[in-house]
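Peer 1: Have a look at this one before I ask anything.
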Amino acid sequence: MIEATSCGGVVIFRGKILLLYKNYKNKYEGWVFPKGTVEENEDYKETALREVKEESGVSANIIKYIGKSQYTFNTQSDIVVKNVHWYLMMSDNYNSKPQREEFFLDSGYYKYHEAYHMLKFSNEKYMLEQAYAEYLELKKKNLWGNKKYF
């Protein structure tokens, strides 16, 4: 068994959530959040910001840590246990550009209920619930978008 760690972001701009559409040789297909593997000498926040930028072209700011998800998958030679650390993030515009080299064919910002139904994985739906609840709480307190907050 191999353990792997990734980090990613639930990016929100004006109440809409960033999603990426991945299609890898028609084997792995669906809408996901940007995330990726921690590189050597990189902390989790750095990984999350880098992966969001690489996979979507979006420059985001971390608002807060929202939790960890875990899943397993099989490779030809082993079972991989993947831990993913998630951050609530804010961007300052709707621009995004999917990273074709990683088989992302589309990207965009979607309303909560749209994003929830589009997401492929239940653990990402759960992270969306956590992130959006936090977003609404910060908005209610007039802290969302306040540069003093982060």
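So you can find residues: chains in the structure tokens are A, B, ... in the order shown, residues in each start at 1, and ligands are numbered from 1 in order.
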Skip Leu105 in chain A itself and residues of its chain fewer than 5 positions away, then list as a list in words all residues within 9 Å of it, counting only C-alpha atoms.
Peer 2: Leu20, Tyr21, Lys22, Asn23, Pro98, Gln99 and Arg100 of chain A
Peer 1: If we count only C-alpha atoms, what is near range 127-143 of chain A at a cut-off of 12 Å, once residues fewer than 6 positions away on the same chain are taken out, given as a ChimeraX atom specification?
Peer 2: /A:8-19,32-33,62-70,84-90,110-121,149-150
Peer 1: Would you pick out the contacts of range 46-57 of chain A at 6 Å or less, using only C-alpha atoms, so that residues sharing its chain but fewer than 3 positions from it are not included, and give the list as a CSV table (one decimal) with C-alpha atoms, in the first residue's frame?
Peer 2:
```
chain,number,residue,atom,x,y,z
A,7,CYS,CA,-3.9,19.6,-1.7
A,8,GLY,CA,-6.5,21.5,-3.5
A,34,PRO,CA,-8.3,21.6,-8.8
A,35,LYS,CA,-5.8,19.6,-6.7
A,36,GLY,CA,-2.5,17.9,-7.0
A,38,VAL,CA,2.7,17.9,-2.7
A,43,ASP,CA,3.9,23.1,2.5
A,96,SER,CA,-9.9,30.4,-16.0
A,97,LYS,CA,-8.0,28.3,-18.5
A,98,PRO,CA,-8.0,24.5,-18.1
A,99,GLN,CA,-4.6,22.8,-18.3
```
Peer 1: Taking the chain letters and numbering used in this document, name the residues of range 4-104 of chain A that DSSP puts in alpha helix (DSSP H), as an mmCIF file with C-alpha atoms, in the first residue's frame.
Peer 2:
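Produced file states-v7.cif, reproduced below:
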```cif
data_model
loop_
_atom_site.group_PDB
_atom_site.id
_atom_site.type_symbol
_atom_site.label_atom_id
_atom_site.label_comp_id
_atom_site.auth_asym_id
_atom_site.auth_seq_id
_atom_site.Cartn_x
_atom_site.Cartn_y
_atom_site.Cartn_z
ATOM 1 C CA TYR A 44 0.227 22.239 1.953
ATOM 2 C CA LYS A 45 -0.873 25.830 1.334
ATOM 3 C CA GLU A 46 1.814 26.301 -1.319
ATOM 4 C CA THR A 47 0.754 23.069 -3.018
ATOM 5 C CA ALA A 48 -2.917 24.056 -3.040
ATOM 6 C CA LEU A 49 -2.202 27.504 -4.528
ATOM 7 C CA ARG A 50 0.237 26.093 -7.111
ATOM 8 C CA GLU A 51 -2.138 23.352 -8.226
ATOM 9 C CA VAL A 52 -5.069 25.760 -8.583
ATOM 10 C CA LYS A 53 -2.861 28.041 -10.693
ATOM 11 C CA GLU A 54 -1.431 25.208 -12.839
ATOM 12 C CA GLU A 55 -4.677 23.357 -13.478
ATOM 13 C CA SER A 56 -7.026 26.316 -13.924
#
```
Peer 1: Would you please work out which residue, of A:Asn83, A:Thr37, A:Ser59, A:Asn95, is nearest to Ser107 in chain A when using only C-alpha atoms?
Peer 2: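 Of all the options, A:Asn95 lies closest to Ser107 in chain A.
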Peer 1: Just asking: which residues within range 39-139 of chain A are strand (DSSP E) according to DSSP, as a ChimeraX atom specification?
Peer 2: /A:61-74,79-90,104-110
Peer 1: Can you write out the residues you just picked, keeping C-alpha atoms, as a CSV table (one decimal), in the first residue's frame?
Peer 2:
```csv
chain,number,residue,atom,x,y,z
A,61,ASN,CA,-6.0,33.6,-2.1
A,62,ILE,CA,-6.4,31.1,0.7
A,63,ILE,CA,-9.1,32.0,3.1
A,64,LYS,CA,-9.0,29.0,5.4
A,65,TYR,CA,-8.4,25.2,5.7
A,66,ILE,CA,-11.7,23.3,5.4
A,67,GLY,CA,-10.7,19.7,5.9
A,68,LYS,CA,-9.3,16.5,4.6
A,69,SER,CA,-10.7,13.8,2.4
A,70,GLN,CA,-9.4,10.3,1.8
A,71,TYR,CA,-9.9,7.8,-1.0
A,72,THR,CA,-8.2,4.7,-2.4
A,73,PHE,CA,-7.5,3.6,-5.9
A,74,ASN,CA,-5.7,0.7,-7.6
A,79,ILE,CA,-3.2,0.2,-3.8
A,80,VAL,CA,-2.9,4.0,-3.3
A,81,VAL,CA,-4.4,5.7,-0.2
A,82,LYS,CA,-4.7,9.4,-1.1
A,83,ASN,CA,-5.2,12.1,1.5
A,84,VAL,CA,-6.3,15.4,0.1
A,85,HIS,CA,-6.2,18.6,2.2
A,86,TRP,CA,-8.7,21.3,1.0
A,87,TYR,CA,-8.7,25.1,1.3
A,88,LEU,CA,-11.4,27.6,0.8
A,89,MET,CA,-10.1,30.1,-1.7
A,90,MET,CA,-11.1,33.4,-3.2
A,104,PHE,CA,-8.7,19.2,-18.4
A,105,LEU,CA,-10.9,20.2,-21.3
A,106,ASP,CA,-13.1,22.8,-19.7
A,107,SER,CA,-13.4,25.1,-16.7
A,108,GLY,CA,-15.7,27.6,-15.3
A,109,TYR,CA,-17.5,29.1,-12.3
A,110,TYR,CA,-20.9,27.7,-11.4
```
Peer 1: Compare A:Glu40, A:Asp92, A:Glu101, A:Glu124 by their minimum atom-to-atom distance to Thr5 in chain A, counting only C-alpha atoms, and give me the closest one.
Peer 2: A:Glu40
